[in-house]
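Below: structure_28.txt (compact mmCIF, C-alpha atoms)
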# COMPACT_ATOMS: atom_id res chain seq x y z
CA MET A 118 0.00 0.00 0.00
CA SER A 119 1.37 3.41 -0.93
CA LYS A 120 2.22 6.00 1.70
CA LYS A 121 -0.61 8.15 0.35
CA LYS A 122 -3.16 5.36 0.81
CA ILE A 123 -1.86 4.71 4.33
CA LYS A 124 -2.36 8.35 5.21
CA ILE A 125 -5.90 8.25 3.83
CA ILE A 126 -6.91 5.16 5.79
CA GLU A 127 -5.35 6.69 8.90
CA LYS A 128 -7.32 9.90 8.38
CA TYR A 129 -10.50 7.89 7.71
CA ASN A 130 -10.15 6.02 11.00
CA ASP A 131 -9.26 9.17 12.92
CA THR A 132 -12.46 10.75 11.58
CA LEU A 133 -14.52 7.65 12.38
CA ALA A 134 -13.12 7.07 15.88
CA PRO A 135 -15.40 9.35 17.97
CA LYS A 136 -18.55 7.73 16.57
CA TYR A 137 -17.17 4.24 15.89
CA ASP A 138 -18.79 2.39 18.78
CA GLU A 139 -22.14 4.08 18.31
CA ALA A 140 -22.22 3.37 14.58
CA THR A 141 -20.88 -0.18 14.57
CA LEU A 142 -22.93 -1.36 17.55
CA GLY A 143 -26.02 0.40 16.22
CA GLU A 144 -27.37 0.82 12.71
CA PHE A 145 -24.44 -0.81 10.86
CA LYS A 146 -24.65 -4.05 12.91
CA TRP A 147 -20.91 -4.90 13.13
CA THR A 148 -20.69 -8.60 14.09
CA PRO A 149 -17.03 -9.75 13.65
CA PRO A 150 -15.90 -9.15 17.28
CA CYS A 151 -18.75 -11.35 18.51
CA GLU A 152 -17.99 -14.04 15.93
CA ALA A 153 -14.29 -14.00 16.86
CA ASN A 154 -15.02 -14.37 20.55
CA LYS A 155 -17.34 -17.31 19.93
CA LEU A 156 -14.42 -19.13 18.30
CA ILE A 157 -11.65 -18.10 20.68
CA LEU A 158 -13.17 -18.16 24.15
CA PRO A 159 -13.42 -21.98 24.44
CA TYR A 160 -9.63 -22.22 24.00
CA ILE A 161 -8.32 -19.50 26.30
CA LYS A 162 -6.91 -19.70 29.79
CA PRO A 163 -6.56 -16.83 32.29
CA GLY A 164 -3.25 -15.11 31.81
CA PHE A 165 -3.07 -15.71 28.06
CA SER A 166 -1.32 -12.94 26.16
CA VAL A 167 -3.24 -11.43 23.23
CA LEU A 168 -2.01 -9.27 20.35
CA ASP A 169 -4.98 -7.51 18.77
CA VAL A 170 -3.96 -6.10 15.39
CA GLY A 171 -6.24 -3.23 14.38
CA ILE A 172 -7.63 -3.03 17.90
CA GLY A 173 -9.73 0.06 17.21
CA THR A 174 -11.75 0.90 20.32
CA GLY A 175 -11.17 -2.53 21.86
CA GLN A 176 -14.37 -4.30 20.85
CA SER A 177 -12.67 -7.56 19.85
CA SER A 178 -10.56 -7.79 23.01
CA GLU A 179 -13.08 -6.77 25.65
CA GLU A 180 -14.44 -10.26 26.36
CA LEU A 181 -10.95 -11.78 26.35
CA PHE A 182 -9.82 -9.17 28.86
CA THR A 183 -12.83 -9.97 31.06
CA ALA A 184 -11.85 -13.64 30.84
CA GLY A 185 -8.40 -12.86 32.26
CA CYS A 186 -6.25 -12.28 29.19
CA LYS A 187 -3.50 -9.65 28.96
CA ILE A 188 -4.18 -7.42 25.97
CA CYS A 189 -1.67 -5.73 23.70
CA GLY A 190 -2.97 -3.87 20.67
CA ILE A 191 -1.97 -1.76 17.69
CA ASP A 192 -3.92 0.53 15.41
CA ILE A 193 -3.02 2.87 12.57
CA SER A 194 -5.27 5.54 14.09
CA GLN A 195 -4.02 7.52 17.06
CA LYS A 196 -7.61 8.62 17.76
CA MET A 197 -8.72 5.00 18.01
CA ILE A 198 -5.83 4.25 20.36
CA GLU A 199 -6.79 7.18 22.60
CA ILE A 200 -10.40 6.04 22.85
CA CYS A 201 -9.33 2.46 23.54
CA LYS A 202 -6.95 3.65 26.27
CA ASP A 203 -9.74 5.62 27.94
CA LYS A 204 -11.99 2.54 27.91
CA PHE A 205 -9.29 0.04 28.90
CA PRO A 206 -6.37 1.66 30.77
CA GLU A 207 -4.86 -1.77 31.40
CA PHE A 208 -4.24 -2.46 27.70
CA GLU A 209 -0.74 -2.07 26.24
CA LEU A 210 -1.33 0.02 23.12
CA TYR A 211 0.73 1.32 20.19
CA ARG A 212 0.02 3.45 17.16
CA ALA A 213 1.51 1.34 14.35
CA ASP A 214 1.09 0.30 10.73
CA LEU A 215 0.69 -3.46 10.29
CA GLU A 216 2.63 -3.38 7.02
CA GLU A 217 5.77 -2.03 8.72
CA LYS A 218 6.70 -5.32 10.46
CA LEU A 219 5.86 -4.12 14.03
CA PRO A 220 9.43 -3.74 15.34
CA MET A 221 8.14 -2.91 18.85
CA PHE A 222 7.32 -6.63 19.24
CA ALA A 223 10.71 -7.97 18.19
CA GLY A 224 11.52 -10.99 20.34
CA ARG A 225 8.00 -11.24 21.77
CA SER A 226 5.38 -13.90 21.21
CA PHE A 227 1.72 -14.26 22.16
CA ASP A 228 -0.77 -17.00 22.96
CA ILE A 229 -3.37 -15.40 20.69
CA VAL A 230 -3.03 -13.05 17.72
CA MET A 231 -6.22 -11.47 16.40
CA ALA A 232 -6.81 -9.49 13.20
CA ILE A 233 -10.50 -8.66 13.01
CA GLY A 234 -11.75 -6.40 10.25
CA ILE A 235 -8.27 -5.39 9.13
CA LEU A 236 -6.76 -7.78 6.57
CA GLU A 237 -9.05 -6.59 3.76
CA PHE A 238 -6.99 -3.40 3.76
CA VAL A 239 -3.60 -5.14 3.48
CA GLU A 240 -2.09 -5.36 0.01
CA ASP A 241 -0.04 -8.54 0.60
CA ILE A 242 -2.15 -10.79 2.83
CA ASP A 243 0.23 -13.74 2.36
CA LYS A 244 3.14 -11.73 3.78
CA THR A 245 0.99 -10.34 6.57
CA ILE A 246 -0.28 -13.73 7.75
CA ASN A 247 3.32 -14.96 7.81
CA LEU A 248 4.24 -11.95 9.97
CA LEU A 249 1.40 -12.65 12.41
CA VAL A 250 2.35 -16.32 12.66
CA ASN A 251 5.87 -15.27 13.66
CA PHE A 252 4.40 -13.51 16.72
CA LEU A 253 2.66 -16.69 17.91
CA LYS A 254 3.97 -19.00 20.58
CA PRO A 255 4.15 -22.69 19.64
CA LEU A 256 0.54 -23.96 19.74
CA GLY A 257 -0.67 -20.36 19.84
CA PHE A 258 -3.93 -19.33 18.16
CA LEU A 259 -4.44 -17.02 15.20
CA CYS A 260 -7.94 -15.66 14.57
CA PHE A 261 -8.60 -13.41 11.61
CA THR A 262 -11.31 -12.27 9.25
CA PHE A 263 -11.20 -11.52 5.55
CA GLU A 264 -13.65 -9.94 3.13
CA ARG A 265 -14.94 -12.53 0.70
CA TYR A 266 -14.70 -12.30 -3.08
CA LEU A 267 -18.27 -12.75 -4.35
CA PRO A 268 -18.58 -12.24 -8.14
CA LYS A 269 -22.36 -11.65 -8.02
CA HIS A 270 -22.37 -9.23 -5.06
CA LYS A 271 -22.99 -5.53 -5.65
CA LEU A 272 -19.88 -4.43 -3.72
CA GLN A 273 -17.77 -7.57 -3.32
CA LYS A 274 -17.65 -8.48 -7.03
CA TRP A 275 -14.22 -6.89 -7.41
CA ARG A 276 -11.09 -8.58 -6.09
CA LYS A 277 -9.67 -5.12 -5.48
CA SER A 278 -11.59 -1.87 -5.31
CA GLU A 279 -11.58 1.49 -3.62
CA MET A 280 -13.43 1.43 -0.29
CA GLY A 281 -16.25 3.57 -1.65
CA ARG A 282 -16.62 1.93 -5.07
CA GLY A 283 -20.22 0.90 -5.72
CA ALA A 284 -21.42 2.45 -2.48
CA VAL A 285 -21.10 6.16 -3.23
CA ASP A 286 -20.57 8.21 -6.37
CA PRO A 287 -18.42 10.23 -6.66
CA ILE A 288 -16.03 8.56 -4.22
CA PRO A 289 -14.76 11.05 -1.59
CA GLU A 290 -11.04 11.09 -0.87
CA LEU A 291 -11.52 9.43 2.54
CA LEU A 292 -12.92 6.33 0.80
CA THR A 293 -10.21 5.93 -1.85
CA PHE A 294 -8.03 3.40 0.01
CA TRP A 295 -8.15 -0.19 -1.23
CA ASN A 296 -10.27 -3.17 -0.26
CA TYR A 297 -8.86 -6.63 -1.12
CA ARG A 298 -11.06 -9.74 -1.32
CA TYR A 299 -10.41 -13.48 -1.39
CA THR A 300 -12.12 -16.84 -1.60
CA SER A 301 -12.15 -19.06 1.46
CA ARG A 302 -10.00 -21.62 -0.34
CA GLU A 303 -7.30 -19.06 -1.10
CA ILE A 304 -7.09 -17.96 2.52
CA GLU A 305 -7.08 -21.51 3.88
CA GLU A 306 -4.21 -22.44 1.55
CA ILE A 307 -2.16 -19.49 2.83
CA ALA A 308 -2.86 -20.43 6.45
CA GLN A 309 -1.78 -24.02 5.93
CA ARG A 310 1.41 -22.91 4.20
CA TYR A 311 2.53 -21.11 7.36
CA LYS A 312 2.34 -24.00 9.83
CA LEU A 313 -1.23 -23.37 10.87
CA LYS A 314 -3.78 -26.05 11.65
CA ILE A 315 -7.24 -24.73 10.85
CA LEU A 316 -9.57 -25.42 13.77
CA LYS A 317 -12.72 -23.57 12.79
CA THR A 318 -14.04 -21.52 9.89
CA LYS A 319 -17.26 -19.64 9.30
CA GLN A 320 -18.85 -17.40 6.68
CA PHE A 321 -21.19 -14.71 7.95
CA GLN A 322 -22.71 -11.28 7.42
CA ALA A 323 -20.25 -8.81 8.91
CA TYR A 324 -21.99 -5.44 8.66
CA LEU A 325 -24.22 -3.20 6.57
CA LYS A 326 -22.46 -0.78 4.24
CA SER A 327 -23.54 2.61 2.89
CA LYS A 328 -26.85 4.41 3.26
CA GLU A 329 -28.47 1.56 1.33
CA LYS A 330 -27.47 -0.87 4.12
CA ILE A 331 -25.88 -3.37 1.73
CA PRO A 332 -24.79 -6.57 3.56
CA ILE A 333 -21.03 -7.27 3.54
CA PHE A 334 -19.89 -10.87 3.97
CA TYR A 335 -16.75 -12.08 5.75
CA GLY A 336 -14.97 -15.31 6.38
CA ILE A 337 -13.32 -16.00 9.73
CA ILE A 338 -10.64 -18.56 10.58
CA LEU A 339 -9.36 -19.83 13.90
CA ALA A 340 -6.07 -21.68 13.48
CA GLN A 341 -3.35 -23.05 15.73
CA LYS A 342 0.38 -22.89 15.14
CA TYR A 343 2.10 -26.22 15.00
CA SER A 344 4.60 -26.81 17.80
CA ASP A 345 8.18 -26.02 16.74

Could you render the structure as structure tokens?
Amino acid sequence: MSKKKIKIIEKYNDTLAPKYDEATLGEFKWTPPCEANKLILPYIKPGFSVLDVGIGTGQSSEELFTAGCKICGIDISQKMIEICKDKFPEFELYRADLEEKLPMFAGRSFDIVMAIGILEFVEDIDKTINLLVNFLKPLGFLCFTFERYLPKHKLQKWRKSEMGRGAVDPIPELLTFWNYRYTSREIEEIAQRYKLKILKTKQFQAYLKSKEKIPIFYGIILAQKYSD
């Protein structure tokens, strides 16, 4: 992703941050944090360390924190980080870009790595999944979502498109960063290539997009890293 696109997605999330919880938990019906927790919670133990990539306001990590996990998170938006810190002072948080290798975690590993609602904005998902696997302990769990490629869908019929394409015309600058979409088979093949055993998968409606409330569909995978 170009530096310009990174700046746009950062600005988009900074703008969204103050109303993110209200919008996603209200009219736009954002379900991925709930779906992720359904998969992960049966496997966790108190004291587990969690890296939440694209933590936003902390929605995906809240239940894990309540269950006794130690939460570390990154987000490209400083505004999101500030809101998350106000809600969860105990979280270890960093403003960071996922595509810059996360040097602040060099030498560290986690029991769980989560990437919920974030990988559809990553240009090289193969490289990114490999990076996330490297932050897992042996037998650690990786849970992530991806936006599905659906050739007959109004918005998901393109493998790559600007965030606003098909939803608004003309597309405002804040919606010109890229969305990337994949089939479930493609994602599962990548996961297996990087020493991951797929435990659970699901396809589901993730949220409603645009004023027309167009359903957006995700896939989610829970996988476990093979012991070294």

With all atoms listed in the file counted and 7 Å as the cut-off, give the residues of range 253-310 of chain A in contact with range 228-243 of chain A, each with its shortest interatomic distance in Å and the pair that gives it, as JSON lines.
{"residue": "A:Leu253", "atom": "CA", "partner": "A:Asp228", "partner_atom": "CA", "distance": 6.1}
{"residue": "A:Lys254", "atom": "CA", "partner": "A:Asp228", "partner_atom": "CA", "distance": 5.7}
{"residue": "A:Gly257", "atom": "CA", "partner": "A:Asp228", "partner_atom": "CA", "distance": 4.6}
{"residue": "A:Phe258", "atom": "CA", "partner": "A:Ile229", "partner_atom": "CA", "distance": 4.7}
{"residue": "A:Leu259", "atom": "CA", "partner": "A:Val230", "partner_atom": "CA", "distance": 4.9}
{"residue": "A:Cys260", "atom": "CA", "partner": "A:Met231", "partner_atom": "CA", "distance": 4.9}
{"residue": "A:Phe261", "atom": "CA", "partner": "A:Ala232", "partner_atom": "CA", "distance": 4.6}
{"residue": "A:Thr262", "atom": "CA", "partner": "A:Ile233", "partner_atom": "CA", "distance": 5.3}
{"residue": "A:Phe263", "atom": "CA", "partner": "A:Glu237", "partner_atom": "CA", "distance": 5.7}
{"residue": "A:Glu264", "atom": "CA", "partner": "A:Glu237", "partner_atom": "CA", "distance": 5.7}
{"residue": "A:Trp295", "atom": "CA", "partner": "A:Phe238", "partner_atom": "CA", "distance": 6.0}
{"residue": "A:Asn296", "atom": "CA", "partner": "A:Phe238", "partner_atom": "CA", "distance": 5.2}
{"residue": "A:Tyr297", "atom": "CA", "partner": "A:Glu237", "partner_atom": "CA", "distance": 4.9}
{"residue": "A:Arg298", "atom": "CA", "partner": "A:Glu237", "partner_atom": "CA", "distance": 6.3}
{"residue": "A:Ile307", "atom": "CA", "partner": "A:Asp243", "partner_atom": "CA", "distance": 6.2}

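One distance worth recording is that between CA of Pro149 in chain A and CA of Glu179 in chain A, which is 13.0 Å.
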
Report as CSV: every residue of range 288-342 of chain A with an atom at most 7 Å from range 127-147 of chain A, its closest pair of atoms, and their distance in Å to one decimal, counting all atoms listed in the file, with rows sorted by chain and ascending residue number.
residue,atom,partner,partner_atom,distance
A:Leu291,CA,A:Tyr129,CA,5.5
A:Ala323,CA,A:Trp147,CA,5.8
A:Tyr324,CA,A:Trp147,CA,4.6
A:Leu325,CA,A:Phe145,CA,4.9
A:Lys326,CA,A:Phe145,CA,6.9

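With only C-alpha atoms as the atoms that count, the minimum distance from Thr318 in chain A to the choices A:Ala153, A:Ile125, A:Leu219, A:Ile172 is reached by A:Ala153.
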
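Using only C-alpha atoms, the nearest neighbour of Ile333 in chain A within the list A:Leu256, A:Ile161, A:Leu168, A:Ala284 is A:Ala284.
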
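The gap separating CA of Thr245 in chain A from CA of Ile337 in chain A is 15.7 Å, in Å to one decimal.
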
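Our summary of the geometry notes that CA of Gly185 in chain A is positioned 23.5 Å from CA of Met221 in chain A.
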
Exercise for review: Kindly provide, as a ChimeraX atom specification, the polymer residues lying within 7 Å of (-13.1, -0.6, 1.5), counting all atoms listed in the file and using the coordinates exactly as they appear in the file.
Suggested key: /A:279-281,292,294-296

Let's have the selection written as a tab-separated table (two decimals), keeping the file's coordinate frame, with C-alpha atoms.
chain	number	residue	atom	x	y	z
A	279	GLU	CA	-11.58	1.49	-3.62
A	280	MET	CA	-13.43	1.43	-0.29
A	281	GLY	CA	-16.25	3.57	-1.65
A	292	LEU	CA	-12.92	6.33	0.80
A	294	PHE	CA	-8.03	3.40	0.01
A	295	TRP	CA	-8.15	-0.19	-1.23
A	296	ASN	CA	-10.27	-3.17	-0.26

Check your understanding: Of the candidates A:Leu181, A:Gly336, A:Ala308, A:Ala213, which one gets nearest to Lys244 in chain A if we count all atoms listed in the file?
Key -> A:Ala308

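Taking only C-alpha atoms into account, Tyr343 in chain A lies nearest to A:Asn251 out of the set A:Asn251, A:Ser278, A:Thr148, A:Gln273.
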
Check your understanding: Around (-16.2, -10.4, 21.6) in the file's frame, which residues reach within 10 Å when counting only C-alpha atoms? Return as an MDAnalysis selection string?
Key -> chainID A and resid 148:158 175:182
